[in-house]
Every structure is written in C-alpha cells, then in structure tokens.
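Visitor: For reference, the structure I am asking about is given below.
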Amino acid sequence: IEDTRTDVSVTTRYFYDRGNLGFNYARSDENDYESDAIALDAAFNSEDKLTTYSVAISGSKDEIEPTQGNVPTNTLKDEKDIRSAWMGVSRIVSKRAIVRFGLSYTFRDGFLTDPYKLNDKRPDERKEWAASAGYRHFFVGANAALHADYRFFDDDWGVRSHTIDIAWHQNINQHLRLVPFMRYYSQTEADFFGNFVDFSNDYYADDYRLSSFGAFSGGLRGVLNLDDWQFNLSGERYVSKADWGLSNGDEAPGLVKFWRYSIGLNYSF
C-alpha cells in the first residue's frame, strides 16, 4: 500500500493581560482516511504571574475508507468520533525552574477496529485518562536546560502505560541549540489482546500496539534560528521488546525497532 497524507491547520490566538485564548482547525486527508478537527484552549495567569492555569477541549470527526487489495478488509467504509478535554497548571518555583501538572480525558466512539486485520474486532468505545508532570530547570553555567516529564495512562480496554522523557537543551550560541533526548515507555496488554484468534470472546486483536511491552528511544535534535526562520533536524533510534516492560504478557511477534529522521522548516511573521 502506498499512501500520501496532506495536513492543513489554521490557528488564531488572542492575548490579553492575564492570559490568552486559542482556536485551531485541522484537516487531514489520506488515501484511506479523512479527519476534521477543532480545538479550543485558554490560559490564565495568577495575579503574581507565577502560576498559569490552562484548559483545552478538542473534537474530531474521522471517516475510514480502507484501500482494497487482494485480501478483503473488514469494512468498506465507517466513521469514528474523538472528544478530549485537558486541564493543567504550571508554577514558577525559582528564577530558573518550572513545574507543571496536567490531567486529560479522551472518549473515542465509532469504528475503532483496524480495518486491515481480518479477525480484528475491538469495542466501539474507548475511555482514556492520563496524568502528567514535568520539570524544567535552566543551568546558567552550562547555558542549558533540563526537561524531564512523566506520564501515566489508563483506559477501559485494560491498557496502562508509563512514559518518562528526558531531554537536555544545550545552547551552542545565540542561533544554534542541540537537544539530546531519551524516552522509556512501558504498557500492559489490552484485555482482548492475543497472538491466536479466540472466537469465544466478543473482541480480539493481535496488534502489537495493544500488547505488553517496553521500549527505549533516544536521539539528537538540532535547532537553528535565523531571524524569522527556524530549521530543525533530528535523528532517533527506537527499540521495543516484551521483557523491557514493567508487566508480563504475551510476547507479540510484531514488536518493532527502527531509525527515524526528520527535517523541518518554520517561518514566523
């Protein structure tokens, strides 16, 4: 299967004395998938400007029309909806340090099955919760900043995960920044995951992304700022294994490892 994806996103933001309001519309189009999404967000600063409270809501309507090949898909056309809400708070704790916390809830409804897996059958609803915490600290002597983040995820499919992200933002000069980073991820398997089809259950999936596993990734990102232009270049190595996870489950044969490279160009006006 060959695919081309086109994304169009429009964002507007209004700033006032104690915060800001934002609106975003995004349209994504692939050969077998279309999505329209909107999001609203707001931030409010405390009177001493040391604490920021933030909220956001978003929703998308997606249409699935899988590409037909030699093996028939398990649907010809279907839809799903996604609704999400998030709230967070960040606090300046010193001249060089910030902490932040967040809570989110996501509700997915509709066709959540993988259309390209013949025996795949998943519930038509999924409720997801996530809690996150982050810490930022700038070191004057090194002219660099440490970014550390943790995220806990839980849903009603039986999947629970832990994510730890650590990055070091090293300023080389006023234009160039190098960012080495690493991530650890671990999750439990979904209640209906299995490597062999079980026709006695209502739901079944052998998708490795719903299995129990752990993963490490790390890489290097470079950011170059020249007036209104910003150039980004990054490389990352990702490796996942069943015995790297914090829980025991069936080992999925489809666990992946890969190299990923990306390049980006941004212009601000």
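Following the order of the structure tokens, chains are lettered A, B, ..., residues in each are numbered from 1, and ligands are numbered from 1.
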Restrict the calculation to only C-alpha atoms, then for each residue of region 118-195 of chain A with any atom at most 8 Å from an atom of region 236-255 of chain A give the closest atom pair and their distance in Å to one decimal, rows by chain and rising residue number, as a Markdown table.
Guide:
```
| residue | atom | partner | partner_atom | distance |
| --- | --- | --- | --- | --- |
| A:Tyr185 | CA | A:Gly245 | CA | 7.7 |
| A:Ser186 | CA | A:Gly245 | CA | 4.9 |
| A:Gln187 | CA | A:Gly245 | CA | 6.5 |
| A:Thr188 | CA | A:Ser247 | CA | 5.9 |
| A:Glu189 | CA | A:Gly249 | CA | 6.6 |
| A:Gly194 | CA | A:Asp250 | CA | 7.0 |
| A:Asn195 | CA | A:Ala252 | CA | 6.7 |
```
Visitor: Pick out each residue of region 200-250 of chain A that DSSP on the backbone tags as helix (DSSP H, G or I); I need them as a count of residues only.
Guide: 6
Visitor: Can you tell me which residues surround region 83-94 of chain A at a distance of at most 12 Å, considering only C-alpha atoms, apart from same-chain residues fewer than 3 positions away, and format the answer as number ranges by chain?
Guide: A: 37-46, 48-62, 80, 97-110, 125-138
Visitor: Looking at A:Asp227, A:Asp207, A:Glu47, A:Asp165, which one is nearest to Pro180 (chain A), with distances taken over only C-alpha atoms?
Guide: A:Asp165
Visitor: Give me, as a ChimeraX atom specification, the residues of region 25-165 of chain A that a backbone DSSP run labels strand (DSSP E or B).
Guide: /A:25-29,33-45,51-64,78-94,97-110,121,125-139,144-155,160-165
Visitor: For Asn173 (chain A), work out the shell of residues within 12 Å, counting only C-alpha atoms and skipping chain neighbours fewer than 4 positions away, then give it as a short mmCIF file (atom, residue, chain, number, x, y, z; two decimals) with N, CA, C and O atoms, in the first residue's frame.
Guide:
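Contents of out-v8.cif, as written:
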```
data_model
loop_
_atom_site.label_atom_id
_atom_site.label_comp_id
_atom_site.auth_asym_id
_atom_site.auth_seq_id
_atom_site.Cartn_x
_atom_site.Cartn_y
_atom_site.Cartn_z
N ALA A 142 26.14 26.09 32.47
CA ALA A 142 26.18 25.26 31.25
C ALA A 142 25.45 25.91 30.09
O ALA A 142 25.55 25.42 28.96
N ASN A 143 24.68 26.99 30.36
CA ASN A 143 23.85 27.63 29.34
C ASN A 143 22.94 26.58 28.67
O ASN A 143 22.85 26.49 27.45
N ALA A 144 22.29 25.79 29.52
CA ALA A 144 21.46 24.69 29.03
C ALA A 144 20.30 24.47 29.98
O ALA A 144 20.30 24.94 31.13
N HIS A 169 18.63 20.58 26.64
CA HIS A 169 18.64 21.62 25.62
C HIS A 169 19.90 22.47 25.79
O HIS A 169 19.97 23.33 26.66
N ARG A 177 20.96 25.38 18.83
CA ARG A 177 20.70 24.59 20.03
C ARG A 177 20.70 23.11 19.67
O ARG A 177 20.07 22.69 18.70
N LEU A 178 21.41 22.30 20.46
CA LEU A 178 21.43 20.86 20.29
C LEU A 178 20.67 20.21 21.45
O LEU A 178 20.84 20.60 22.61
N VAL A 223 18.42 22.60 16.40
CA VAL A 223 17.52 23.71 16.09
C VAL A 223 18.36 24.94 15.76
O VAL A 223 19.17 25.38 16.59
N LEU A 224 18.16 25.49 14.58
CA LEU A 224 18.90 26.66 14.13
C LEU A 224 17.92 27.80 13.87
O LEU A 224 17.00 27.65 13.06
N ASN A 225 18.08 28.92 14.57
CA ASN A 225 17.22 30.09 14.41
C ASN A 225 17.97 31.21 13.70
O ASN A 225 19.04 31.64 14.17
N LEU A 226 17.40 31.64 12.58
CA LEU A 226 17.98 32.74 11.80
C LEU A 226 16.87 33.73 11.50
O LEU A 226 16.05 33.51 10.61
#
```
Visitor: Compare A:Ser28, A:Ser268, A:Thr113, A:Gln170 by their minimum atom-to-atom distance to Tyr204 (chain A), counting only C-alpha atoms, and give me the closest one.
Guide: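 That would be A:Thr113, the residue with the smallest distance to Tyr204 (chain A).
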Visitor: With distances taken over only C-alpha atoms, which residue among A:Asn31, A:Gln68, A:Thr75, A:Asn266 lies nearest Trp229 (chain A)?
Guide: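 Counting only C-alpha atoms, the residue closest to Trp229 (chain A) is A:Asn266.
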Visitor: For each of A:Trp168, A:Phe216, A:Phe15, A:Tyr116, take the minimum atom-to-atom distance to Lys257 (chain A), counting only C-alpha atoms, then give the residue where this is smallest.
Guide: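 Answer, going by the shortest atom-to-atom distance: A:Phe216.
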